[in-house]
Amino acid sequence: MNFAPSLAPPHRLLLEPLVRSALLEDLGRAGDVTSDAIAPPDARARAVLAARQKGVIAGLELARLAFELVDPRVSFIVEHDDGAHVAAGARLATLEGPARAILTAERTALNFLSHLSGIATVTASIVAAVSGSNARVVCTRKTTPGLRAVEKYAVRAGGGANHRFGLDDAMLIKDNHVALAGSVGEAVRRAKAAAGHLVKIELEVDTLEQLAEALDQGVDAVLLDNMTPDALREAVTLIDGRAISEASGRITAQTAAAVAATGVDVISVGWLTHSAPILDIGLDFEADQPA
């Protein structure tokens, strides 16, 4: 598991293809026919990106790239950094440059910024709910195809941490793996035989009986799936620091505090990335435009 708290966005080499692909999807075969028809080629504009509701910001670098890739002459001045908790009406960034470019990149910039800020905002709500406990809030692999790196970044911007990024950076033995192997013990034995010395092994368990068997096998972490708070509390006592304890399954901002109070180390929440509503963010031209 990666618990690094860094708010550095993914490298530009990863971000640029995402933004370029989104712009190409929008531009199609003929470009922005509306803006090209209405805005004179030499027209300049000044605009502001502003939050229309309170929340936590993430994705400003992708928004900036959207305008830059359309026309590098567009200036993009950030007024609130990613990770900032902002009120409704807060100015996030100001832009100035060719009007056509600002209009053309607007939707792509807002799509990324609103989506990632929505993830950061709901993550912050869960993090706030468990404040005062030792539990870390993490996301899962339930991400939008192609957007995993930036969605996981948005979770960090909201104060959460990241679970594994893919199938190759840790072993997570789930119920179907156990079914194929025939038993928890055999599944763990096969995993240990194949794992490199830096690869962690986590086992998903549904019952305290499975947990006892997992601990006998010496796994690094256990995923306690869909357990009640009472069962989680008993599981934490049974684990007794021998492995990382992770609670998962239908956890919300309303139930997270009770889960955290059981003493688990990690609370994983899939809907942070697969179902978070967007944060409403808009782009508006300012009344006094540059000559």
# chains A, B, ... in the order shown; residues from 1 in each chain; ligands from 1
>>> select_by_dssp(residues="segment 174-234 of chain A", states="strand (DSSP E)", output="number ranges by chain")
A: 201-205, 221-225
>>> closest_atom_pairs(of="segment 110-142 of chain A", to="segment 260-278 of chain A", cutoff="7 Å", atoms="only C-alpha atoms", output="tab-separated table")
residue	atom	partner	partner_atom	distance
A:Ser114	CA	A:Ile278	CA	5.2
A:His115	CA	A:Ile278	CA	4.8
A:Ser117	CA	A:Ile278	CA	6.8
A:Gly118	CA	A:Ile278	CA	4.2
A:Ile119	CA	A:Ala276	CA	5.5
A:Val122	CA	A:Leu272	CA	6.5
A:Thr123	CA	A:Leu272	CA	6.2
A:Val130	CA	A:Ala260	CA	6.0
A:Ser133	CA	A:Ala260	CA	6.2
A:Asn134	CA	A:Asp265	CA	6.4
A:Ala135	CA	A:Asp265	CA	4.6
A:Arg136	CA	A:Val266	CA	4.7
A:Val137	CA	A:Ile267	CA	4.9
A:Val138	CA	A:Ser268	CA	4.7
A:Cys139	CA	A:Val269	CA	5.3
A:Thr140	CA	A:Gly270	CA	5.2
A:Lys142	CA	A:Gly270	CA	5.7
>>> write_last_selection(atoms="all heavy atoms", output="compact mmCIF listing (two decimals), in the first residue's frame")
# COMPACT_ATOMS: atom_id res chain seq x y z
N SER A 114 -13.51 19.75 -12.26
CA SER A 114 -14.72 19.47 -11.50
C SER A 114 -14.74 18.03 -11.00
O SER A 114 -15.12 17.76 -9.84
CB SER A 114 -15.96 19.75 -12.35
OG SER A 114 -16.05 21.11 -12.69
N HIS A 115 -14.34 17.11 -11.85
CA HIS A 115 -14.34 15.68 -11.48
C HIS A 115 -13.36 15.41 -10.35
O HIS A 115 -13.70 14.79 -9.34
CB HIS A 115 -14.00 14.84 -12.71
CG HIS A 115 -13.84 13.38 -12.42
ND1 HIS A 115 -14.82 12.62 -11.81
CD2 HIS A 115 -12.81 12.52 -12.66
CE1 HIS A 115 -14.41 11.37 -11.68
NE2 HIS A 115 -13.19 11.29 -12.18
N SER A 117 -11.92 17.57 -8.29
CA SER A 117 -12.28 18.31 -7.08
C SER A 117 -13.44 17.62 -6.35
O SER A 117 -13.50 17.66 -5.11
CB SER A 117 -12.65 19.75 -7.43
OG SER A 117 -11.53 20.45 -7.95
N GLY A 118 -14.34 17.01 -7.09
CA GLY A 118 -15.40 16.24 -6.45
C GLY A 118 -14.86 15.08 -5.65
O GLY A 118 -15.30 14.81 -4.52
N ILE A 119 -13.87 14.38 -6.20
CA ILE A 119 -13.23 13.27 -5.48
C ILE A 119 -12.53 13.79 -4.24
O ILE A 119 -12.65 13.21 -3.14
CB ILE A 119 -12.24 12.54 -6.41
CG1 ILE A 119 -13.00 11.79 -7.51
CG2 ILE A 119 -11.37 11.57 -5.61
CD1 ILE A 119 -12.10 11.18 -8.58
N VAL A 122 -15.23 14.70 -1.44
CA VAL A 122 -15.83 13.61 -0.68
C VAL A 122 -14.78 12.88 0.16
O VAL A 122 -15.07 12.39 1.26
CB VAL A 122 -16.59 12.61 -1.59
CG1 VAL A 122 -17.78 13.28 -2.25
CG2 VAL A 122 -15.68 11.97 -2.62
N THR A 123 -13.55 12.83 -0.34
CA THR A 123 -12.48 12.23 0.47
C THR A 123 -12.30 13.02 1.76
O THR A 123 -12.19 12.46 2.85
CB THR A 123 -11.16 12.20 -0.31
OG1 THR A 123 -11.32 11.42 -1.51
CG2 THR A 123 -10.05 11.59 0.53
N VAL A 130 -13.24 10.68 10.48
CA VAL A 130 -12.40 9.78 11.28
C VAL A 130 -11.28 10.53 12.00
O VAL A 130 -10.38 9.90 12.56
CB VAL A 130 -11.81 8.64 10.42
CG1 VAL A 130 -12.92 7.89 9.71
CG2 VAL A 130 -10.80 9.18 9.41
N SER A 133 -8.84 9.55 15.17
CA SER A 133 -8.50 8.13 15.20
C SER A 133 -7.17 7.92 14.48
O SER A 133 -6.61 8.84 13.89
CB SER A 133 -9.59 7.30 14.52
OG SER A 133 -9.52 7.43 13.11
N ASN A 134 -6.68 6.69 14.50
CA ASN A 134 -5.44 6.36 13.80
C ASN A 134 -5.70 5.81 12.40
O ASN A 134 -4.75 5.46 11.69
CB ASN A 134 -4.63 5.34 14.59
CG ASN A 134 -4.12 5.91 15.90
OD1 ASN A 134 -3.70 7.07 15.96
ND2 ASN A 134 -4.15 5.10 16.97
N ALA A 135 -6.96 5.74 11.99
CA ALA A 135 -7.30 5.14 10.70
C ALA A 135 -6.95 6.05 9.54
O ALA A 135 -7.17 7.26 9.60
CB ALA A 135 -8.78 4.78 10.66
N ARG A 136 -6.40 5.46 8.49
CA ARG A 136 -6.15 6.17 7.25
C ARG A 136 -7.23 5.84 6.25
O ARG A 136 -7.64 4.69 6.11
CB ARG A 136 -4.79 5.75 6.65
CG ARG A 136 -3.59 5.97 7.55
CD ARG A 136 -3.28 7.44 7.73
NE ARG A 136 -3.01 8.13 6.48
CZ ARG A 136 -1.80 8.15 5.90
NH1 ARG A 136 -0.79 7.49 6.42
NH2 ARG A 136 -1.62 8.83 4.79
N VAL A 137 -7.71 6.84 5.53
CA VAL A 137 -8.72 6.65 4.49
C VAL A 137 -8.00 6.46 3.16
O VAL A 137 -7.18 7.29 2.76
CB VAL A 137 -9.67 7.87 4.41
CG1 VAL A 137 -10.64 7.72 3.24
CG2 VAL A 137 -10.42 8.04 5.72
N VAL A 138 -8.30 5.36 2.46
CA VAL A 138 -7.64 5.08 1.19
C VAL A 138 -8.68 4.77 0.12
O VAL A 138 -9.81 4.38 0.41
CB VAL A 138 -6.64 3.91 1.30
CG1 VAL A 138 -5.64 4.14 2.41
CG2 VAL A 138 -7.35 2.57 1.50
N CYS A 139 -8.26 4.95 -1.12
CA CYS A 139 -9.12 4.62 -2.27
C CYS A 139 -8.81 3.20 -2.73
O CYS A 139 -8.02 2.48 -2.11
CB CYS A 139 -8.87 5.61 -3.40
SG CYS A 139 -7.11 5.78 -3.83
N THR A 140 -9.41 2.78 -3.84
CA THR A 140 -9.22 1.43 -4.37
C THR A 140 -8.89 1.51 -5.86
O THR A 140 -8.60 2.58 -6.38
CB THR A 140 -10.51 0.60 -4.17
OG1 THR A 140 -11.53 1.08 -5.06
CG2 THR A 140 -11.01 0.68 -2.73
N LYS A 142 -11.13 0.92 -8.06
CA LYS A 142 -12.41 1.20 -8.73
C LYS A 142 -12.37 2.61 -9.29
O LYS A 142 -13.03 3.53 -8.79
CB LYS A 142 -13.56 1.00 -7.75
CG LYS A 142 -13.70 -0.44 -7.27
CD LYS A 142 -14.79 -0.60 -6.23
CE LYS A 142 -14.88 -2.04 -5.76
NZ LYS A 142 -15.90 -2.21 -4.69
>>> residues_around(residues="Asn111 of chain A", least_positions_apart="6", cutoff="10 Å", atoms="only C-alpha atoms", output="JSON, numbers by chain")
{"A": [22, 59, 62, 63, 117, 278, 279, 280, 281]}
>>> write_last_selection(atoms="all heavy atoms", output="short mmCIF file (atom, residue, chain, number, x, y, z; two decimals), in the first residue's frame")
data_model
loop_
_atom_site.label_atom_id
_atom_site.label_comp_id
_atom_site.auth_asym_id
_atom_site.auth_seq_id
_atom_site.Cartn_x
_atom_site.Cartn_y
_atom_site.Cartn_z
N ALA A 22 -8.41 14.26 -24.48
CA ALA A 22 -9.71 14.88 -24.21
C ALA A 22 -9.98 16.06 -25.14
O ALA A 22 -11.10 16.25 -25.61
CB ALA A 22 -9.76 15.34 -22.75
N GLY A 59 -6.79 19.15 -9.46
CA GLY A 59 -6.81 19.09 -10.91
C GLY A 59 -6.43 20.37 -11.62
O GLY A 59 -6.61 20.48 -12.84
N LEU A 62 -4.10 19.94 -14.67
CA LEU A 62 -4.74 19.46 -15.89
C LEU A 62 -5.50 20.58 -16.57
O LEU A 62 -5.50 20.68 -17.81
CB LEU A 62 -5.68 18.29 -15.59
CG LEU A 62 -4.97 16.98 -15.26
CD1 LEU A 62 -4.88 16.78 -13.75
CD2 LEU A 62 -5.67 15.79 -15.90
N ALA A 63 -6.16 21.43 -15.77
CA ALA A 63 -6.87 22.57 -16.35
C ALA A 63 -5.88 23.50 -17.06
O ALA A 63 -6.13 23.95 -18.19
CB ALA A 63 -7.62 23.32 -15.27
N SER A 117 -11.92 17.57 -8.29
CA SER A 117 -12.28 18.31 -7.08
C SER A 117 -13.44 17.62 -6.35
O SER A 117 -13.50 17.66 -5.11
CB SER A 117 -12.65 19.75 -7.43
OG SER A 117 -11.53 20.45 -7.95
N ILE A 278 -19.41 15.60 -9.02
CA ILE A 278 -18.47 16.66 -9.35
C ILE A 278 -18.63 17.83 -8.38
O ILE A 278 -19.67 17.99 -7.74
CB ILE A 278 -18.66 17.18 -10.79
CG1 ILE A 278 -20.01 17.90 -10.93
CG2 ILE A 278 -18.50 16.07 -11.80
CD1 ILE A 278 -20.08 18.81 -12.14
N LEU A 279 -17.57 18.63 -8.27
CA LEU A 279 -17.68 19.93 -7.61
C LEU A 279 -17.99 20.95 -8.69
O LEU A 279 -17.28 21.02 -9.71
CB LEU A 279 -16.38 20.29 -6.90
CG LEU A 279 -16.43 21.57 -6.06
CD1 LEU A 279 -17.30 21.37 -4.83
CD2 LEU A 279 -15.03 22.01 -5.66
N ASP A 280 -19.04 21.73 -8.51
CA ASP A 280 -19.46 22.68 -9.53
C ASP A 280 -18.46 23.83 -9.62
O ASP A 280 -18.31 24.62 -8.69
CB ASP A 280 -20.85 23.21 -9.19
CG ASP A 280 -21.47 24.01 -10.33
OD1 ASP A 280 -20.87 24.08 -11.41
OD2 ASP A 280 -22.57 24.57 -10.12
N ILE A 281 -17.78 23.91 -10.74
CA ILE A 281 -16.79 24.96 -11.01
C ILE A 281 -17.10 25.56 -12.36
O ILE A 281 -17.45 24.83 -13.31
CB ILE A 281 -15.36 24.38 -10.99
CG1 ILE A 281 -15.02 23.84 -9.59
CG2 ILE A 281 -14.33 25.44 -11.40
CD1 ILE A 281 -13.72 23.07 -9.53
#
>>> closest_atom_pairs(of="segment 100-215 of chain A", to="segment 84-95 of chain A", cutoff="12 Å", atoms="only C-alpha atoms", output="JSON lines")
{"residue": "A:Ala101", "atom": "CA", "partner": "A:Leu95", "partner_atom": "CA", "distance": 10.7}
{"residue": "A:Ile102", "atom": "CA", "partner": "A:Leu95", "partner_atom": "CA", "distance": 8.0}
{"residue": "A:Leu103", "atom": "CA", "partner": "A:Leu95", "partner_atom": "CA", "distance": 11.2}
{"residue": "A:Ala105", "atom": "CA", "partner": "A:Leu95", "partner_atom": "CA", "distance": 11.6}
{"residue": "A:Glu106", "atom": "CA", "partner": "A:Leu95", "partner_atom": "CA", "distance": 10.8}
{"residue": "A:Ala109", "atom": "CA", "partner": "A:Ala93", "partner_atom": "CA", "distance": 11.6}
{"residue": "A:Leu110", "atom": "CA", "partner": "A:Leu92", "partner_atom": "CA", "distance": 11.7}
{"residue": "A:Leu113", "atom": "CA", "partner": "A:Leu92", "partner_atom": "CA", "distance": 10.4}
{"residue": "A:Ser114", "atom": "CA", "partner": "A:Leu92", "partner_atom": "CA", "distance": 11.7}
{"residue": "A:Ser117", "atom": "CA", "partner": "A:Ala84", "partner_atom": "CA", "distance": 9.9}
{"residue": "A:Gly118", "atom": "CA", "partner": "A:His85", "partner_atom": "CA", "distance": 11.8}
{"residue": "A:Ala120", "atom": "CA", "partner": "A:His85", "partner_atom": "CA", "distance": 9.6}
{"residue": "A:Thr121", "atom": "CA", "partner": "A:His85", "partner_atom": "CA", "distance": 8.4}
{"residue": "A:Val122", "atom": "CA", "partner": "A:His85", "partner_atom": "CA", "distance": 11.8}
{"residue": "A:Thr123", "atom": "CA", "partner": "A:His85", "partner_atom": "CA", "distance": 11.9}
{"residue": "A:Ala124", "atom": "CA", "partner": "A:His85", "partner_atom": "CA", "distance": 9.1}
{"residue": "A:Ser125", "atom": "CA", "partner": "A:His85", "partner_atom": "CA", "distance": 11.2}
{"residue": "A:Ala154", "atom": "CA", "partner": "A:Ala84", "partner_atom": "CA", "distance": 11.6}
{"residue": "A:Arg156", "atom": "CA", "partner": "A:Ala84", "partner_atom": "CA", "distance": 11.8}
{"residue": "A:Ala157", "atom": "CA", "partner": "A:Ala84", "partner_atom": "CA", "distance": 8.1}
{"residue": "A:Gly158", "atom": "CA", "partner": "A:Ala84", "partner_atom": "CA", "distance": 8.6}
{"residue": "A:Gly159", "atom": "CA", "partner": "A:Ala84", "partner_atom": "CA", "distance": 10.4}
>>> atom_distance(atom1="atom CA of Val155 of chain A", atom2="atom CA of Ser248 of chain A")
16.4 Å
>>> residues_around(residues="Gln217 of chain A", least_positions_apart="6", cutoff="12 Å", atoms="only C-alpha atoms", output="list in words")
Ser183, Val184, Gly185, Glu186, Ala187, Val188, Arg189, Arg190, Ala191, Lys192, Ile201, Glu202, Leu203, Gln210, Leu211, Arg242 and Ala243 of chain A
>>> write_last_selection(atoms="all heavy atoms", output="tab-separated table (two decimals), in the first residue's frame")
chain	number	residue	atom	x	y	z
A	183	SER	N	-8.02	-23.30	-0.48
A	183	SER	CA	-8.04	-22.90	0.92
A	183	SER	C	-7.25	-21.62	1.09
A	183	SER	O	-6.44	-21.24	0.22
A	183	SER	CB	-7.43	-23.99	1.82
A	183	SER	OG	-6.04	-24.10	1.58
A	184	VAL	N	-7.48	-20.94	2.22
A	184	VAL	CA	-6.70	-19.75	2.53
A	184	VAL	C	-5.22	-20.08	2.62
A	184	VAL	O	-4.37	-19.40	2.05
A	184	VAL	CB	-7.19	-19.12	3.86
A	184	VAL	CG1	-6.19	-18.09	4.39
A	184	VAL	CG2	-8.55	-18.47	3.68
A	185	GLY	N	-4.91	-21.15	3.32
A	185	GLY	CA	-3.51	-21.53	3.51
A	185	GLY	C	-2.80	-21.79	2.20
A	185	GLY	O	-1.65	-21.34	2.01
A	186	GLU	N	-3.44	-22.51	1.29
A	186	GLU	CA	-2.81	-22.82	0.01
A	186	GLU	C	-2.65	-21.57	-0.84
A	186	GLU	O	-1.63	-21.39	-1.53
A	186	GLU	CB	-3.63	-23.87	-0.74
A	186	GLU	CG	-3.07	-24.26	-2.10
A	186	GLU	CD	-1.67	-24.87	-2.06
A	186	GLU	OE1	-1.22	-25.27	-0.97
A	186	GLU	OE2	-1.02	-24.93	-3.14
A	187	ALA	N	-3.64	-20.67	-0.80
A	187	ALA	CA	-3.54	-19.42	-1.57
A	187	ALA	C	-2.36	-18.59	-1.07
A	187	ALA	O	-1.58	-18.05	-1.88
A	187	ALA	CB	-4.83	-18.62	-1.46
A	188	VAL	N	-2.21	-18.48	0.23
A	188	VAL	CA	-1.11	-17.71	0.79
A	188	VAL	C	0.22	-18.39	0.48
A	188	VAL	O	1.22	-17.72	0.15
A	188	VAL	CB	-1.28	-17.50	2.30
A	188	VAL	CG1	-0.06	-16.81	2.91
A	188	VAL	CG2	-2.54	-16.69	2.59
A	189	ARG	N	0.27	-19.70	0.59
A	189	ARG	CA	1.52	-20.42	0.28
A	189	ARG	C	1.98	-20.14	-1.14
A	189	ARG	O	3.16	-19.86	-1.39
A	189	ARG	CB	1.32	-21.93	0.48
A	189	ARG	CG	2.61	-22.74	0.34
A	189	ARG	CD	2.32	-24.21	0.19
A	189	ARG	NE	1.65	-24.50	-1.08
A	189	ARG	CZ	2.28	-24.54	-2.26
A	189	ARG	NH1	3.58	-24.29	-2.34
A	189	ARG	NH2	1.61	-24.82	-3.36
A	190	ARG	N	1.05	-20.20	-2.10
A	190	ARG	CA	1.40	-19.94	-3.50
A	190	ARG	C	1.85	-18.50	-3.70
A	190	ARG	O	2.80	-18.22	-4.43
A	190	ARG	CB	0.21	-20.25	-4.41
A	190	ARG	CG	-0.18	-21.71	-4.45
A	190	ARG	CD	-1.36	-21.94	-5.40
A	190	ARG	NE	-1.90	-23.28	-5.30
A	190	ARG	CZ	-2.92	-23.75	-6.01
A	190	ARG	NH1	-3.52	-22.95	-6.89
A	190	ARG	NH2	-3.35	-24.98	-5.85
A	191	ALA	N	1.17	-17.58	-3.03
A	191	ALA	CA	1.54	-16.16	-3.15
A	191	ALA	C	2.94	-15.93	-2.61
A	191	ALA	O	3.77	-15.25	-3.23
A	191	ALA	CB	0.53	-15.29	-2.41
A	192	LYS	N	3.24	-16.49	-1.45
A	192	LYS	CA	4.57	-16.31	-0.86
A	192	LYS	C	5.67	-16.92	-1.73
A	192	LYS	O	6.77	-16.38	-1.82
A	192	LYS	CB	4.60	-16.94	0.53
A	192	LYS	CG	3.90	-16.12	1.59
A	192	LYS	CD	4.15	-16.71	2.98
A	192	LYS	CE	3.67	-15.78	4.07
A	192	LYS	NZ	3.97	-16.30	5.42
A	201	ILE	N	1.84	-8.88	0.89
A	201	ILE	CA	0.72	-9.79	0.63
A	201	ILE	C	-0.42	-9.45	1.59
A	201	ILE	O	-0.24	-9.41	2.80
A	201	ILE	CB	1.14	-11.26	0.82
A	201	ILE	CG1	2.25	-11.64	-0.16
A	201	ILE	CG2	-0.07	-12.19	0.64
A	201	ILE	CD1	2.81	-13.03	0.04
A	202	GLU	N	-1.60	-9.17	1.00
A	202	GLU	CA	-2.80	-8.91	1.79
A	202	GLU	C	-3.83	-9.97	1.45
A	202	GLU	O	-3.91	-10.44	0.31
A	202	GLU	CB	-3.37	-7.53	1.49
A	202	GLU	CG	-4.61	-7.19	2.30
A	202	GLU	CD	-5.08	-5.76	2.13
A	202	GLU	OE1	-4.74	-5.14	1.10
A	202	GLU	OE2	-5.79	-5.25	3.02
A	203	LEU	N	-4.61	-10.36	2.45
A	203	LEU	CA	-5.64	-11.38	2.26
A	203	LEU	C	-6.99	-10.83	2.67
A	203	LEU	O	-7.13	-10.24	3.75
A	203	LEU	CB	-5.32	-12.63	3.09
A	203	LEU	CG	-6.35	-13.76	3.02
A	203	LEU	CD1	-6.30	-14.46	1.68
A	203	LEU	CD2	-6.11	-14.76	4.15
A	210	GLN	N	-11.53	-17.24	9.09
A	210	GLN	CA	-10.57	-17.01	8.02
A	210	GLN	C	-9.44	-16.11	8.48
A	210	GLN	O	-8.27	-16.30	8.09
A	210	GLN	CB	-11.28	-16.36	6.83
A	210	GLN	CG	-12.16	-17.28	6.02
A	210	GLN	CD	-12.79	-16.55	4.85
A	210	GLN	OE1	-13.10	-15.36	4.92
A	210	GLN	NE2	-12.99	-17.26	3.75
A	211	LEU	N	-9.76	-15.14	9.31
A	211	LEU	CA	-8.73	-14.24	9.82
A	211	LEU	C	-7.69	-14.99	10.64
A	211	LEU	O	-6.48	-14.76	10.48
A	211	LEU	CB	-9.38	-13.15	10.68
A	211	LEU	CG	-8.43	-12.21	11.43
A	211	LEU	CD1	-7.52	-11.48	10.45
A	211	LEU	CD2	-9.21	-11.23	12.29
A	242	ARG	N	-0.13	-7.82	14.48
A	242	ARG	CA	0.65	-8.74	13.65
A	242	ARG	C	0.52	-8.47	12.16
A	242	ARG	O	1.30	-8.98	11.36
A	242	ARG	CB	0.23	-10.19	13.95
A	242	ARG	CG	0.67	-10.70	15.30
A	242	ARG	CD	0.23	-12.12	15.52
A	242	ARG	NE	-1.20	-12.22	15.79
A	242	ARG	CZ	-1.87	-13.39	15.84
A	242	ARG	NH1	-1.23	-14.52	15.59
A	242	ARG	NH2	-3.16	-13.39	16.12
A	243	ALA	N	-0.47	-7.68	11.78
A	243	ALA	CA	-0.68	-7.34	10.37
A	243	ALA	C	-1.44	-6.02	10.32
A	243	ALA	O	-2.06	-5.60	11.31
A	243	ALA	CB	-1.47	-8.43	9.65
>>> atom_distance(atom1="atom CA of Ser245 of chain A", atom2="atom CA of Thr143 of chain A")
22.6 Å
>>> closest_residue(among="A:Arg64, A:Arg250, A:Arg164, A:Arg73", to="Arg148 of chain A", atoms="only C-alpha atoms")
A:Arg164
>>> atom_distance(atom1="atom CA of Ala37 of chain A", atom2="atom CA of Val70 of chain A")
16.8 Å
>>> closest_residue(among="A:Glu204, A:Asp169, A:Asp288, A:Glu61", to="Val150 of chain A", atoms="only C-alpha atoms")
A:Glu61
